[in-house]
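Here is the structure we will look at.
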Amino acid sequence: MTVRCSECPLRDRRIFAPMTAEEVAFMTRFKAGELSVEAGTQLLMEGANSPQLFTVLSGMGVRYKTLEDGRRQVLNFVFPGDFLGMQAGIMGEMSHSVDATTDMSLCVFSRSEVWSLFKTRPERAFDLTWVAAVEQNFLGEALSAVGQMDATQRIAWAFVRLFGRGQAVGMTEGHTMPLPFRQQDLADSLGLSLVHTNKTLARFRERQLASWADGLLSITDMRALAELAGIDHEAPEIRPLI
C-alpha cells in the first residue's frame, strides 16, 4: 500500500526537520508513486539518464563507481531518508550507481518535475541544495579519513558515523544495528584490502570495542571508537526530508 506523505513514518524521526501542512501537501502532489525492490536490484546506473528520483522509505543500499578495469569503488552507504538520483535530475545523468543491499521501499518522483519545484517552491529547492551540500561534506570527511588515518582509525570512524546514521532513523536497538553490507564493501569505501579489514575487525573484537558479524554491528565502547577516530559521537545535524 502507498504510504501517504502525511503519514510518512520518517517524519517522526528527530533527524528530519518538521514540515508545514503546506509542504506536506506539495510533496503529496510531487510524489509520483512508490517502488519496492529486492536485494541486489540496481536502482540507478552510472552514466544513465534516469527519469525517476527516489527517497528511501526503508532498506539499505550502496553507492559506487565502476572503474575501467571493472573494480568497484564504494562511495557511501544508503539509509532510510536518503534522496537518490539528484545528479540525474540536475546534470542529466548519474556519475555513480546505486544498488539495493536489502529489500527496499522507495518514494518515486518524476525527474521532469524537478524544475517546477525550483520555480514554484524555492524553500524545497533550497532543501535539495542543502542535501547536496551535506553529501559533499560527508565525502570530504571520508576522503580525509582515507588519506590521513590508519586502518584502525578509518574503521573506527566508519563505525561511529554509520551507527550515528542508523540511530538517527530508528534502526538501532541498544548498542546494536543492522549493517547488512559485505566486508569488501567496507574495505572498498575506506581504501583498505579485505585482509587488512578482516584483521582490524578481529582486533576490535579482541579489545571489546565493536563486533560486526551476520549483518549486525554491535558497539561495545563508543567513546573509545570516537577517540580512535578523533571525532565526537553526536547526533547528525537535523536535515530536510525530501
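Order determines the names: the first chain of the C-alpha cells is A, the second B, and so forth; residues in each chain are numbered 1 upward, and ligands are numbered 1 upward as they are shown.
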
*Using only C-alpha atoms, determine which residues lie at most 8 Å from range 120-135 of chain A, disregarding the query and same-chain residues fewer than 4 positions distant; provide the list as a list in words.*
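Counting only C-alpha atoms, the residues come to Ser116, Leu139, Arg239, Pro240 and Ile242 of chain A.
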
Each residue of range 140-200 of chain A with at least one atom at most 12 Å from range 44-60 of chain A should appear once, together with its nearest atom pair and the corresponding distance in Å (one decimal); atoms considered: only C-alpha atoms; ordering: chain, then increasing residue number; output as a Markdown table.
```
| residue | atom | partner | partner_atom | distance |
| --- | --- | --- | --- | --- |
| A:Leu162 | CA | A:Met60 | CA | 11.7 |
| A:Arg165 | CA | A:Met60 | CA | 11.6 |
| A:Gly166 | CA | A:Met60 | CA | 10.3 |
| A:Val169 | CA | A:Ser58 | CA | 9.9 |
| A:Gly170 | CA | A:Ser58 | CA | 10.9 |
| A:Met171 | CA | A:Ser58 | CA | 10.1 |
| A:Pro178 | CA | A:Met60 | CA | 9.5 |
| A:Leu179 | CA | A:Met60 | CA | 8.6 |
| A:Pro180 | CA | A:Met60 | CA | 7.9 |
| A:Phe181 | CA | A:Met60 | CA | 8.8 |
```

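Using only C-alpha atoms, the contacts of Ala17 in chain A at a cut-off of 10 Å, with sequence neighbours closer than 5 positions omitted, comprise Arg11, Asp12, Glu237, Ile238, Arg239, Pro240 and Leu241 of chain A.
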
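Considering the residues A:Asp150, A:Asp103, A:Glu206, A:Asp188 and counting only C-alpha atoms, Ser36 in chain A has its shortest atom-to-atom contact with A:Asp103.
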
_Calculated over only C-alpha atoms, which of the candidates A:Leu216, A:Val108, A:Ala202, A:Ala156 has the smallest distance to Leu190 in chain A?_
A:Ala156

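The space between CA of Thr152 in chain A and CA of Ile219 in chain A spans 14.7 Å.
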
_Pick from A:Ala32, A:Val62, A:Val3, A:Ala187 nearest to Val78 in chain A, counting only C-alpha atoms_ =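 Looking only at the distances to Val78 in chain A, the closest residue turns out to be A:Val62.
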
*Could you give me the residues within range 93-160 of chain A that DSSP places in strand (DSSP E or B), as an MDAnalysis selection string?*
chainID A and resid 97:100 104:110

So that I have them on file, write out the residues from the current selection with C-alpha atoms, as a short mmCIF file (atom, residue, chain, number, x, y, z; two decimals), in the first residue's frame.
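Written file, result_27.cif:
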```cif
data_model
loop_
_atom_site.label_atom_id
_atom_site.label_comp_id
_atom_site.auth_asym_id
_atom_site.auth_seq_id
_atom_site.Cartn_x
_atom_site.Cartn_y
_atom_site.Cartn_z
CA SER A 97 25.45 3.75 -9.46
CA VAL A 98 23.16 2.74 -6.58
CA ASP A 99 22.31 -0.87 -5.71
CA ALA A 100 19.88 -2.22 -3.12
CA MET A 104 13.88 -1.63 -0.23
CA SER A 105 10.80 0.58 -0.44
CA LEU A 106 11.17 3.96 -2.11
CA CYS A 107 9.11 7.05 -2.80
CA VAL A 108 9.28 7.87 -6.51
CA PHE A 109 9.44 11.35 -8.02
CA SER A 110 9.47 12.33 -11.67
#
```

Would you list the contacts of Tyr64 in chain A as a CSV table (one decimal) with N, CA, C and O atoms, in the first residue's frame, taking every protein, DNA or RNA residue within 7 Å and counting only C-alpha atoms, but skipping same-chain residues closer than 4 positions in sequence?
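Here's the written file part35.csv:
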```csv
chain,number,residue,atom,x,y,z
A,72,ARG,N,35.2,-1.9,-8.3
A,72,ARG,CA,34.1,-1.1,-7.8
A,72,ARG,C,34.7,-0.2,-6.6
A,72,ARG,O,35.3,-0.8,-5.7
A,73,GLN,N,34.4,1.1,-6.7
A,73,GLN,CA,34.8,2.0,-5.6
A,73,GLN,C,33.5,2.4,-4.9
A,73,GLN,O,32.7,3.1,-5.4
A,74,VAL,N,33.4,1.9,-3.6
A,74,VAL,CA,32.2,2.3,-2.9
A,74,VAL,C,32.4,3.7,-2.4
A,74,VAL,O,33.4,4.1,-1.8
A,75,LEU,N,31.3,4.5,-2.6
A,75,LEU,CA,31.4,5.9,-2.2
A,75,LEU,C,30.8,6.1,-0.8
A,75,LEU,O,31.4,6.8,0.0
A,96,HIS,N,27.4,8.0,-10.7
A,96,HIS,CA,27.7,6.8,-9.9
A,96,HIS,C,26.4,5.9,-10.0
A,96,HIS,O,25.4,6.3,-10.5
A,97,SER,N,26.6,4.7,-9.5
A,97,SER,CA,25.5,3.7,-9.5
A,97,SER,C,25.0,3.6,-8.0
A,97,SER,O,25.7,3.8,-7.1
A,98,VAL,N,23.7,3.1,-7.9
A,98,VAL,CA,23.2,2.7,-6.6
A,98,VAL,C,22.5,1.4,-6.7
A,98,VAL,O,21.6,1.1,-7.5
```

*asked:* Can you tell me, as an NGL selection string, which residues in range 106-221 of chain A count as alpha helix (DSSP H) by DSSP?
replied: :A and (114-120 or 122-148 or 151-168 or 183-190 or 194-206)
